file protein_13.tsv (TSV, C-alpha atoms and all ligand atoms)
chain	number	residue	atom	x	y	z
E	6	MET	CA	-35.87	-30.34	-50.27
E	7	LYS	CA	-32.62	-32.33	-49.78
E	8	LYS	CA	-30.73	-29.04	-49.61
E	9	LEU	CA	-33.08	-27.72	-46.93
E	10	LEU	CA	-32.69	-30.90	-44.89
E	11	PHE	CA	-28.91	-30.65	-45.20
E	12	ILE	CA	-28.83	-27.02	-44.03
E	13	THR	CA	-31.22	-27.76	-41.13
E	14	SER	CA	-29.09	-30.66	-39.88
E	15	LEU	CA	-25.95	-28.53	-40.17
E	16	LEU	CA	-27.63	-25.86	-38.06
E	17	ILE	CA	-28.72	-28.42	-35.47
E	18	ILE	CA	-25.22	-29.90	-35.23
E	19	SER	CA	-23.50	-26.54	-34.87
E	20	PHE	CA	-26.05	-25.37	-32.28
E	21	GLY	CA	-25.47	-28.61	-30.36
E	22	CYS	CA	-21.72	-28.07	-30.40
E	23	LYS	CA	-22.15	-24.54	-29.17
E	24	LEU	CA	-24.35	-25.67	-26.28
E	25	ASP	CA	-21.84	-28.39	-25.49
E	26	SER	CA	-18.91	-26.02	-25.33
E	27	LEU	CA	-20.91	-23.67	-23.10
E	28	LYS	CA	-21.75	-26.30	-20.59
E	29	THR	CA	-18.37	-28.06	-20.65
E	30	ASP	CA	-16.11	-25.32	-19.48
E	31	ASN	CA	-15.12	-23.93	-22.91
E	32	PRO	CA	-11.52	-25.00	-23.72
E	33	GLU	CA	-10.83	-22.17	-26.19
E	34	LYS	CA	-11.70	-19.62	-23.59
E	35	ARG	CA	-9.15	-21.15	-21.27
E	36	GLN	CA	-6.37	-20.34	-23.72
E	37	GLU	CA	-6.88	-16.62	-23.26
E	38	LYS	CA	-4.43	-14.76	-21.11
E	39	VAL	CA	-6.40	-12.90	-18.47
E	40	ASN	CA	-3.45	-11.46	-16.54
E	41	ASP	CA	0.16	-10.81	-17.60
E	42	PHE	CA	1.14	-11.32	-13.99
E	43	ALA	CA	-0.78	-12.17	-10.85
E	44	ILE	CA	-0.41	-13.26	-7.25
E	45	ILE	CA	-2.57	-15.16	-4.77
E	46	ILE	CA	-2.00	-15.98	-1.09
E	47	HIS	CA	-3.51	-17.73	1.92
E	48	GLY	CA	-2.92	-17.45	5.63
E	49	GLY	CA	-4.61	-20.70	6.63
E	50	ALA	CA	-8.10	-22.20	6.54
E	51	GLY	CA	-10.38	-23.46	9.30
E	52	THR	CA	-13.36	-22.59	11.45
E	53	ILE	CA	-12.86	-18.90	11.06
E	54	LEU	CA	-16.17	-17.27	11.95
E	55	LYS	CA	-17.10	-13.62	12.04
E	56	LYS	CA	-18.79	-14.07	15.41
E	57	ASN	CA	-15.52	-15.24	16.98
E	58	MET	CA	-13.44	-12.42	15.54
E	59	SER	CA	-12.93	-9.03	17.13
E	60	ASP	CA	-12.78	-5.98	14.87
E	61	GLU	CA	-9.14	-5.37	15.87
E	62	LYS	CA	-8.11	-8.92	15.09
E	63	GLU	CA	-9.86	-8.84	11.74
E	64	ALA	CA	-8.21	-5.51	10.90
E	65	ALA	CA	-4.80	-6.91	11.90
E	66	TYR	CA	-5.20	-9.95	9.63
E	67	LYS	CA	-6.39	-7.80	6.74
E	68	ALA	CA	-3.52	-5.36	7.13
E	69	LYS	CA	-0.91	-8.14	7.19
E	70	LEU	CA	-2.40	-9.98	4.23
E	71	THR	CA	-2.49	-6.70	2.29
E	72	GLU	CA	1.11	-5.89	3.17
E	73	ALA	CA	2.20	-9.39	2.13
E	74	ILE	CA	0.42	-9.47	-1.21
E	75	LYS	CA	1.44	-5.94	-2.12
E	76	THR	CA	5.06	-6.86	-1.49
E	77	GLY	CA	4.87	-9.66	-4.05
E	78	HIS	CA	2.73	-7.68	-6.46
E	79	SER	CA	5.19	-4.81	-6.68
E	80	ILE	CA	8.04	-7.26	-7.37
E	81	LEU	CA	6.05	-8.75	-10.25
E	82	LYS	CA	4.96	-5.36	-11.54
E	83	ASN	CA	8.59	-4.22	-11.71
E	84	GLY	CA	9.54	-7.28	-13.73
E	85	GLY	CA	10.81	-9.43	-10.85
E	86	THR	CA	10.55	-13.21	-10.85
E	87	SER	CA	7.73	-15.25	-9.39
E	88	GLN	CA	10.35	-16.93	-7.18
E	89	GLU	CA	11.31	-13.61	-5.62
E	90	ALA	CA	7.66	-12.60	-5.24
E	91	VAL	CA	6.75	-15.85	-3.46
E	92	LEU	CA	9.78	-15.62	-1.15
E	93	LYS	CA	9.24	-12.01	-0.09
E	94	THR	CA	5.47	-12.37	0.27
E	95	ILE	CA	5.75	-15.44	2.47
E	96	GLN	CA	8.47	-13.82	4.56
E	97	VAL	CA	6.11	-10.98	5.52
E	98	MET	CA	3.70	-13.60	6.91
E	99	GLU	CA	6.46	-15.71	8.49
E	100	GLU	CA	7.59	-12.66	10.45
E	101	SER	CA	4.11	-12.02	11.81
E	102	PRO	CA	2.85	-13.80	14.95
E	103	LEU	CA	-0.62	-13.91	13.38
E	104	PHE	CA	0.11	-16.91	11.19
E	105	ASN	CA	1.19	-20.44	11.95
E	106	ALA	CA	4.47	-20.07	10.08
E	107	GLY	CA	7.84	-18.74	11.18
E	108	LYS	CA	7.34	-16.46	14.20
E	109	GLY	CA	3.78	-17.61	14.95
E	110	ALA	CA	4.42	-21.35	14.61
E	111	VAL	CA	2.34	-23.71	16.75
E	112	PHE	CA	3.88	-25.90	19.47
E	113	THR	CA	4.67	-29.58	19.35
E	114	HIS	CA	3.72	-31.96	22.16
E	115	GLU	CA	7.23	-31.48	23.56
E	116	GLU	CA	6.67	-27.70	23.62
E	117	THR	CA	9.08	-26.97	20.81
E	118	ASN	CA	8.45	-25.48	17.37
E	119	GLU	CA	9.26	-27.53	14.28
E	120	LEU	CA	8.87	-25.78	10.97
E	121	ASP	CA	8.16	-27.10	7.49
E	122	ALA	CA	8.21	-25.35	4.10
E	123	SER	CA	8.43	-26.04	0.39
E	124	PHE	CA	8.87	-24.23	-2.89
E	125	MET	CA	8.47	-25.21	-6.53
E	126	ASP	CA	9.52	-23.53	-9.77
E	127	GLY	CA	7.01	-24.13	-12.56
E	128	LYS	CA	9.51	-23.50	-15.36
E	129	THR	CA	12.16	-26.06	-14.42
E	130	LEU	CA	9.99	-28.27	-12.16
E	131	ASN	CA	12.78	-27.91	-9.66
E	132	ALA	CA	11.78	-27.87	-6.02
E	133	GLY	CA	13.09	-27.52	-2.48
E	134	ALA	CA	11.61	-28.53	0.85
E	135	VAL	CA	12.47	-28.60	4.52
E	136	ALA	CA	10.88	-30.44	7.42
E	137	GLY	CA	11.22	-30.13	11.18
E	138	VAL	CA	13.73	-27.28	11.53
E	139	LYS	CA	13.82	-25.54	14.90
E	140	ASN	CA	16.08	-22.54	14.50
E	141	VAL	CA	15.85	-21.18	10.97
E	142	LYS	CA	14.07	-17.84	10.87
E	143	SER	CA	12.70	-18.20	7.36
E	144	PRO	CA	11.89	-21.79	6.37
E	145	ILE	CA	10.70	-20.68	2.92
E	146	GLU	CA	14.10	-19.13	2.24
E	147	LEU	CA	15.72	-22.40	3.30
E	148	ALA	CA	13.42	-24.40	1.00
E	149	ILE	CA	14.49	-22.21	-1.93
E	150	LYS	CA	18.17	-22.51	-0.96
E	151	ILE	CA	17.84	-26.31	-0.89
E	152	MET	CA	16.47	-26.10	-4.41
E	153	THR	CA	19.13	-23.73	-5.75
E	154	ASP	CA	22.24	-24.73	-3.77
E	155	SER	CA	21.99	-28.47	-3.09
E	156	ASP	CA	21.57	-31.65	-5.09
E	157	HIS	CA	18.52	-32.55	-3.04
E	158	VAL	CA	14.85	-31.71	-2.88
E	159	MET	CA	14.15	-32.26	0.80
E	160	LEU	CA	16.21	-31.86	3.97
E	161	SER	CA	15.09	-32.31	7.55
E	162	GLY	CA	15.93	-31.51	11.18
E	163	GLU	CA	19.55	-31.01	12.28
E	164	GLY	CA	20.98	-31.58	8.83
E	165	ALA	CA	18.75	-28.91	7.35
E	166	SER	CA	19.88	-26.46	10.07
E	167	THR	CA	23.53	-27.22	9.33
E	168	PHE	CA	22.93	-26.57	5.64
E	169	ALA	CA	21.14	-23.30	6.49
E	170	LYS	CA	24.10	-22.17	8.63
E	171	GLU	CA	26.57	-23.05	5.89
E	172	LYS	CA	24.58	-21.02	3.41
E	173	GLY	CA	24.49	-18.01	5.72
E	174	LEU	CA	20.76	-18.04	6.44
E	175	GLU	CA	19.55	-16.34	9.60
E	176	ILE	CA	19.55	-18.66	12.61
E	177	VAL	CA	17.48	-17.72	15.65
E	178	ALA	CA	17.25	-18.99	19.23
E	179	PRO	CA	14.33	-21.43	19.54
E	180	ASN	CA	12.48	-18.98	21.82
E	181	TYR	CA	12.16	-16.61	18.86
E	182	PHE	CA	9.12	-18.74	17.97
E	183	TYR	CA	7.52	-18.47	21.40
E	184	THR	CA	4.13	-16.77	21.41
E	185	GLU	CA	1.84	-16.90	24.41
E	186	LYS	CA	-1.24	-17.55	22.27
E	187	ARG	CA	0.20	-20.66	20.63
E	188	PHE	CA	1.63	-21.92	23.90
E	189	GLN	CA	-1.78	-21.64	25.56
E	190	SER	CA	-3.40	-23.50	22.64
E	191	LEU	CA	-1.05	-26.39	23.33
E	192	GLN	CA	-1.86	-26.34	27.05
E	193	ARG	CA	-5.61	-26.42	26.31
E	194	ILE	CA	-5.27	-29.42	24.05
E	195	LYS	CA	-3.06	-31.25	26.53
E	196	ASN	CA	-5.50	-30.66	29.38
E	197	ARG	CA	-8.47	-31.76	27.42
E	198	ASN	CA	-10.42	-34.72	28.68
E	199	LYS	CA	-10.21	-36.82	25.55
E	200	THR	CA	-12.44	-39.63	26.90
E	201	GLU	CA	-15.48	-37.40	26.33
E	202	LEU	CA	-14.79	-37.35	22.64
E	203	ASP	CA	-15.74	-39.82	19.98
E	204	HIS	CA	-13.15	-41.37	17.72
E	205	ASP	CA	-13.06	-38.67	15.03
E	206	ASP	CA	-13.07	-35.89	17.58
E	207	LYS	CA	-10.16	-37.53	19.36
E	208	LYS	CA	-8.19	-37.45	16.17
E	209	ALA	CA	-9.03	-33.79	15.75
E	210	ALA	CA	-8.31	-33.01	19.40
E	211	PHE	CA	-4.84	-34.36	18.93
E	212	TYR	CA	-4.24	-31.60	16.48
E	213	ASP	CA	-6.12	-28.61	17.73
E	214	ALA	CA	-6.83	-26.94	21.01
E	215	ASP	CA	-10.46	-26.38	20.24
E	216	ILE	CA	-12.22	-28.44	17.61
E	217	LYS	CA	-15.17	-26.11	17.39
E	218	ASN	CA	-12.82	-23.26	16.73
E	219	ALA	CA	-10.21	-25.20	14.82
E	220	LYS	CA	-8.12	-23.25	12.44
E	221	PHE	CA	-4.91	-23.97	10.72
E	222	GLY	CA	-2.82	-20.93	9.76
E	223	THR	CA	-0.18	-22.09	7.38
E	224	VAL	CA	0.81	-19.49	4.81
E	225	GLY	CA	1.19	-19.91	1.07
E	226	CYS	CA	1.66	-17.97	-2.13
E	227	VAL	CA	1.47	-18.63	-5.87
E	228	ALA	CA	2.71	-16.10	-8.40
E	229	LEU	CA	2.87	-15.72	-12.19
E	230	ASP	CA	5.50	-13.33	-13.51
E	231	LYS	CA	5.67	-11.34	-16.74
E	232	ASN	CA	7.80	-14.09	-18.32
E	233	GLY	CA	5.01	-16.61	-17.80
E	234	ASN	CA	6.78	-18.43	-14.97
E	235	ILE	CA	4.73	-19.79	-12.12
E	236	ALA	CA	6.15	-20.36	-8.63
E	237	ALA	CA	4.46	-21.68	-5.50
E	238	GLY	CA	5.50	-21.85	-1.87
E	239	THR	CA	4.09	-22.91	1.50
E	240	SER	CA	5.38	-22.45	5.05
E	241	THR	CA	4.01	-23.75	8.36
E	242	GLY	CA	4.57	-24.70	11.97
E	243	GLY	CA	2.44	-27.78	11.30
E	244	MET	CA	-0.32	-28.76	13.72
E	245	THR	CA	-0.58	-28.07	17.44
E	246	ASN	CA	0.50	-31.00	19.65
E	247	LYS	CA	2.19	-32.87	16.82
E	248	ARG	CA	4.78	-35.38	18.05
E	249	TRP	CA	7.21	-38.08	17.03
E	250	GLY	CA	8.63	-35.81	14.32
E	251	ARG	CA	5.28	-35.63	12.54
E	252	ILE	CA	5.52	-34.01	9.11
E	253	GLY	CA	2.46	-32.62	7.35
E	254	ASP	CA	1.70	-31.83	3.73
E	255	ALA	CA	3.30	-28.38	3.60
E	256	PRO	CA	6.81	-29.64	2.76
E	257	ILE	CA	5.56	-32.43	0.47
E	258	ILE	CA	5.88	-31.49	-3.19
E	259	GLY	CA	2.63	-32.43	-4.94
E	260	SER	CA	0.67	-32.23	-1.74
E	261	GLY	CA	1.25	-28.86	-0.04
E	262	THR	CA	2.92	-27.19	-3.02
E	263	TYR	CA	3.09	-27.71	-6.76
E	264	ALA	CA	3.93	-25.56	-9.80
E	265	ASN	CA	4.11	-26.30	-13.50
E	266	ASN	CA	4.17	-23.63	-16.21
E	267	LYS	CA	2.11	-25.94	-18.44
E	268	THR	CA	-0.79	-25.96	-15.99
E	269	CYS	CA	-0.85	-24.11	-12.67
E	270	GLY	CA	0.65	-23.45	-9.26
E	271	VAL	CA	-0.99	-24.48	-5.98
E	272	SER	CA	-0.43	-23.94	-2.26
E	273	SER	CA	-2.49	-25.90	0.29
E	274	THR	CA	-3.57	-25.45	3.87
E	275	GLY	CA	-5.52	-27.83	6.06
E	276	TRP	CA	-5.35	-31.14	7.81
E	277	GLY	CA	-2.05	-32.35	6.37
E	278	GLU	CA	-2.59	-36.09	6.68
E	279	TYR	CA	-5.53	-35.88	4.27
E	280	PHE	CA	-3.71	-33.55	1.91
E	281	ILE	CA	-0.82	-35.99	1.67
E	282	ARG	CA	-3.13	-38.92	0.96
E	283	SER	CA	-5.00	-36.89	-1.67
E	284	GLN	CA	-1.90	-35.40	-3.32
E	285	VAL	CA	-4.01	-32.27	-3.51
E	286	ALA	CA	-1.68	-29.86	-5.30
E	287	TYR	CA	-0.51	-32.28	-7.97
E	288	ASP	CA	-4.00	-33.66	-8.53
E	289	ILE	CA	-5.21	-30.17	-9.50
E	290	SER	CA	-2.38	-29.83	-12.01
E	291	ALA	CA	-2.95	-33.38	-13.30
E	292	GLN	CA	-6.65	-32.80	-13.87
E	293	MET	CA	-5.78	-29.72	-15.92
E	294	GLU	CA	-3.10	-31.57	-17.89
E	295	TYR	CA	-4.82	-34.88	-18.53
E	296	GLN	CA	-8.48	-33.93	-18.44
E	297	GLN	CA	-8.16	-30.42	-19.85
E	298	LYS	CA	-10.10	-29.07	-16.90
E	299	SER	CA	-10.12	-25.38	-16.07
E	300	LEU	CA	-8.39	-24.25	-12.88
E	301	LYS	CA	-11.77	-23.58	-11.30
E	302	ASN	CA	-13.18	-27.02	-12.06
E	303	ALA	CA	-9.99	-28.85	-11.05
E	304	THR	CA	-9.70	-27.08	-7.67
E	305	LYS	CA	-13.39	-27.60	-7.02
E	306	ASP	CA	-13.25	-31.31	-7.73
E	307	VAL	CA	-10.16	-31.92	-5.62
E	308	ILE	CA	-11.34	-29.95	-2.57
E	309	GLN	CA	-15.14	-30.19	-2.60
E	310	ASN	CA	-15.38	-33.70	-3.97
E	311	LYS	CA	-12.28	-35.84	-3.40
E	312	LEU	CA	-10.80	-34.31	-0.23
E	313	THR	CA	-14.21	-33.84	1.39
E	314	LYS	CA	-15.23	-37.46	0.69
E	315	LEU	CA	-12.06	-38.64	2.38
E	316	GLY	CA	-12.89	-36.55	5.46
E	317	GLY	CA	-10.18	-33.90	4.97
E	318	THR	CA	-10.64	-30.22	5.73
E	319	GLY	CA	-8.82	-27.20	4.36
E	320	GLY	CA	-8.29	-25.40	1.09
E	321	VAL	CA	-5.99	-24.17	-1.63
E	322	VAL	CA	-5.05	-21.06	-3.52
E	323	ALA	CA	-4.16	-21.66	-7.16
E	324	LEU	CA	-3.24	-19.74	-10.27
E	325	ASP	CA	-2.94	-20.96	-13.86
E	326	LYS	CA	-0.60	-20.11	-16.72
E	327	ASN	CA	-3.08	-17.55	-18.09
E	328	GLY	CA	-3.41	-15.72	-14.82
E	329	ASN	CA	-6.76	-17.17	-13.76
E	330	MET	CA	-6.92	-17.49	-9.99
E	331	ALA	CA	-8.94	-19.68	-7.64
E	332	PHE	CA	-9.62	-19.93	-3.92
E	333	GLU	CA	-11.25	-23.22	-2.90
E	334	PHE	CA	-11.90	-24.50	0.63
E	335	ASN	CA	-14.37	-26.66	2.53
E	336	THR	CA	-13.96	-24.95	5.92
E	337	ALA	CA	-15.88	-21.98	7.31
E	338	GLY	CA	-13.15	-19.59	6.29
E	339	MET	CA	-9.72	-19.10	4.80
E	340	TYR	CA	-7.51	-16.02	5.12
E	341	ARG	CA	-6.92	-15.19	1.48
E	342	ALA	CA	-6.10	-12.49	-1.04
E	343	SER	CA	-5.32	-12.05	-4.71
E	344	MET	CA	-4.09	-9.24	-6.96
E	345	ASN	CA	-4.23	-9.10	-10.74
E	346	ASP	CA	-2.06	-7.18	-13.19
E	347	ALA	CA	-4.33	-4.13	-12.90
E	348	GLY	CA	-3.61	-4.02	-9.18
E	349	GLU	CA	-7.14	-5.03	-8.13
E	350	LEU	CA	-7.11	-6.58	-4.69
E	351	ILE	CA	-9.52	-9.24	-3.46
E	352	LEU	CA	-9.21	-9.80	0.29
E	353	LYS	CA	-11.48	-12.20	2.16
E	354	ILE	CA	-11.64	-14.20	5.36
E	355	TYR	CA	-15.04	-15.87	5.65
E	356	LYS	CA	-17.08	-17.98	3.30
E	357	GLU	CA	-19.70	-15.80	1.61
J	401	LIG	N1	-1.28	-28.30	6.48
J	401	LIG	C1	-0.58	-28.02	7.70
J	401	LIG	C2	-0.11	-29.31	8.31
J	401	LIG	O1	-0.83	-30.29	8.26
J	401	LIG	C3	-1.39	-27.27	8.69
J	401	LIG	C4	-2.04	-26.02	8.17
J	401	LIG	O2	-2.36	-25.91	7.00
J	401	LIG	O3	-2.22	-25.10	8.95
J	401	LIG	O4	0.95	-29.33	8.88

call {"tool": "encode", "arguments": {"input": "protein_13.tsv", "output": "structure tokens"}}
result
Amino acid sequence: MKKLLFITSLLIISFGCKLDSLKTDNPEKRQEKVNDFAIIIHGGAGTILKKNMSDEKEAAYKAKLTEAIKTGHSILKNGGTSQEAVLKTIQVMEESPLFNAGKGAVFTHEETNELDASFMDGKTLNAGAVAGVKNVKSPIELAIKIMTDSDHVMLSGEGASTFAKEKGLEIVAPNYFYTEKRFQSLQRIKNRNKTELDHDDKKAAFYDADIKNAKFGTVGCVALDKNGNIAAGTSTGGMTNKRWGRIGDAPIIGSGTYANNKTCGVSSTGWGEYFIRSQVAYDISAQMEYQQKSLKNATKDVIQNKLTKLGGTGGVVALDKNGNMAFEFNTAGMYRASMNDAGELILKIYKE
């Protein structure tokens, strides 16, 4: 009888443990490598609705996102580094007027373009960032150069441009960044009768030409290479009508960008002020490191719970050391894509 009781209680305990591990995001399962290499990108989050999108515009976004991610994927497939993949992928988007980064950067209140970018290497935890440059064609390249060729992590404005020139990076005339669409967005926001808006709307109106159709447009990429190294990068023109040298989250390590081979890599897009206050990218990594959360649960908590409670809008793309990938956002849409080691492409714009 005693023996029977003993066996029954053993069975109950082991069944309980099994149930527990099923419902608590099974830690053993998280140790499995799901991809030898992988890449994930975003082209900004916001009120991106199918009903406001023409077929041509949608096709143009999809084509550019595909071109960008395939560029990085082929680098990784051929044994290239995650750093190279992130650089080249982001440069494809920086050179397109479709995204609020590089060529398509939004306008400041003073009708200039001030660009921000950052990069982090998950192996060394080294990082580079640039804020408020006006004449550097590829801010992501400059961020990487700051990491590799200077003793600093972050440079800004004139000094950053001087450094870029000294390092032989491509300098462009400020009108390289002029696009009619972005210029008109600035005019709309400036002409807006702000007295009709309530307090929160006023804050939003400061940043975007049309709150109901607000979208960001920053670009970002996270990659895992065959050597297990994670890299993450983000590049942006910031937010329309920004002034007084405003700097968002994109060049802030731990907020717009973070990478650590022990956990994950993250690139953010959204209302920068909230992303800075939430330390979005680092918080995801920290939850994985200190709470043993999966990538999925960590990104969900940071975006859907913490950021949302604070009133922030936007999203992230993230990838962990085992090649798991996650898109998470609390807006109507986010331009996004991922590719695994088998070459399978996921490409989405709207929330499904
Ligand atoms: N996060 C960027 C900023 O606040 C904007 C964006 O994601 O589009 O500058």

call {"tool": "atom_distance", "arguments": {"input": "protein_13.tsv", "atom1": "atom CA of Asn140 of chain E", "atom2": "atom CA of Gly225 of chain E"}}
result
20.2 Å

call {"tool": "atom_distance", "arguments": {"input": "protein_13.tsv", "atom1": "atom CA of Ala303 of chain E", "atom2": "atom CA of Gly222 of chain E"}}
result
23.4 Å

call {"tool": "residues_around", "arguments": {"input": "protein_13.tsv", "residues": "Leu147 of chain E", "least_positions_apart": "3", "cutoff": "10 Å", "atoms": "only C-alpha atoms", "output": "PyMOL selection string"}}
result
chain E and resi 121-124+133-135+138+141-144+150-154+160+165-166+168-170+172+174-175

call {"tool": "atom_distance", "arguments": {"input": "protein_13.tsv", "atom1": "atom CA of Ile74 of chain E", "atom2": "atom CA of Lys231 of chain E"}}
result
16.5 Å

call {"tool": "residues_near_ligand", "arguments": {"input": "protein_13.tsv", "ligand": "ligand LIG 401 (chain J)", "cutoff": "6 Å", "atoms": "all atoms listed in the file", "output": "PyMOL selection string"}}
result
chain E and resi 49+221-223+243-244+253-255+274-277

call {"tool": "write_last_selection", "arguments": {"input": "protein_13.tsv", "atoms": "C-alpha atoms", "output": "mmCIF file, keeping the file's coordinate frame"}}
result
data_model
loop_
_atom_site.group_PDB
_atom_site.id
_atom_site.type_symbol
_atom_site.label_atom_id
_atom_site.label_comp_id
_atom_site.auth_asym_id
_atom_site.auth_seq_id
_atom_site.Cartn_x
_atom_site.Cartn_y
_atom_site.Cartn_z
ATOM 1 C CA GLY E 49 -4.610 -20.700 6.630
ATOM 2 C CA PHE E 221 -4.910 -23.970 10.720
ATOM 3 C CA GLY E 222 -2.820 -20.930 9.760
ATOM 4 C CA THR E 223 -0.180 -22.090 7.380
ATOM 5 C CA GLY E 243 2.440 -27.780 11.300
ATOM 6 C CA MET E 244 -0.320 -28.760 13.720
ATOM 7 C CA GLY E 253 2.460 -32.620 7.350
ATOM 8 C CA ASP E 254 1.700 -31.830 3.730
ATOM 9 C CA ALA E 255 3.300 -28.380 3.600
ATOM 10 C CA THR E 274 -3.570 -25.450 3.870
ATOM 11 C CA GLY E 275 -5.520 -27.830 6.060
ATOM 12 C CA TRP E 276 -5.350 -31.140 7.810
ATOM 13 C CA GLY E 277 -2.050 -32.350 6.370
#

call {"tool": "residues_around", "arguments": {"input": "protein_13.tsv", "residues": "Lys38 of chain E", "least_positions_apart": "5", "cutoff": "8 Å", "atoms": "only C-alpha atoms", "output": "NGL selection string"}}
result
:E and (326-328)

call {"tool": "closest_residue", "arguments": {"input": "protein_13.tsv", "among": "E:Glu115, E:Asp306, E:Glu294, E:Asp346", "to": "Asp230 of chain E", "atoms": "only C-alpha atoms"}}
result
E:Asp346

call {"tool": "residues_around", "arguments": {"input": "protein_13.tsv", "residues": "segment 351-356 of chain E", "least_positions_apart": "3", "cutoff": "8 Å", "atoms": "all atoms listed in the file", "output": "PyMOL selection string"}}
result
chain E and resi 53-55+67+70-71+337-344

call {"tool": "closest_residue", "arguments": {"input": "protein_13.tsv", "among": "E:Ile235, E:Gly242, E:Lys301, E:Gln296", "to": "Gly127 of chain E", "atoms": "all atoms listed in the file"}}
result
E:Ile235

call {"tool": "closest_residue", "arguments": {"input": "protein_13.tsv", "among": "E:Thr167, E:Thr318, E:Ile258, E:Asn246", "to": "Glu278 of chain E", "atoms": "only C-alpha atoms"}}
result
E:Thr318

call {"tool": "closest_residue", "arguments": {"input": "protein_13.tsv", "among": "E:Glu357, E:Tyr279, E:Ile257, E:Gly48", "to": "Val322 of chain E", "atoms": "only C-alpha atoms"}}
result
E:Gly48

call {"tool": "closest_residue", "arguments": {"input": "protein_13.tsv", "among": "E:Thr113, E:Asn131, E:Ser101, E:Thr239", "to": "Glu146 of chain E", "atoms": "all atoms listed in the file"}}
result
E:Thr239
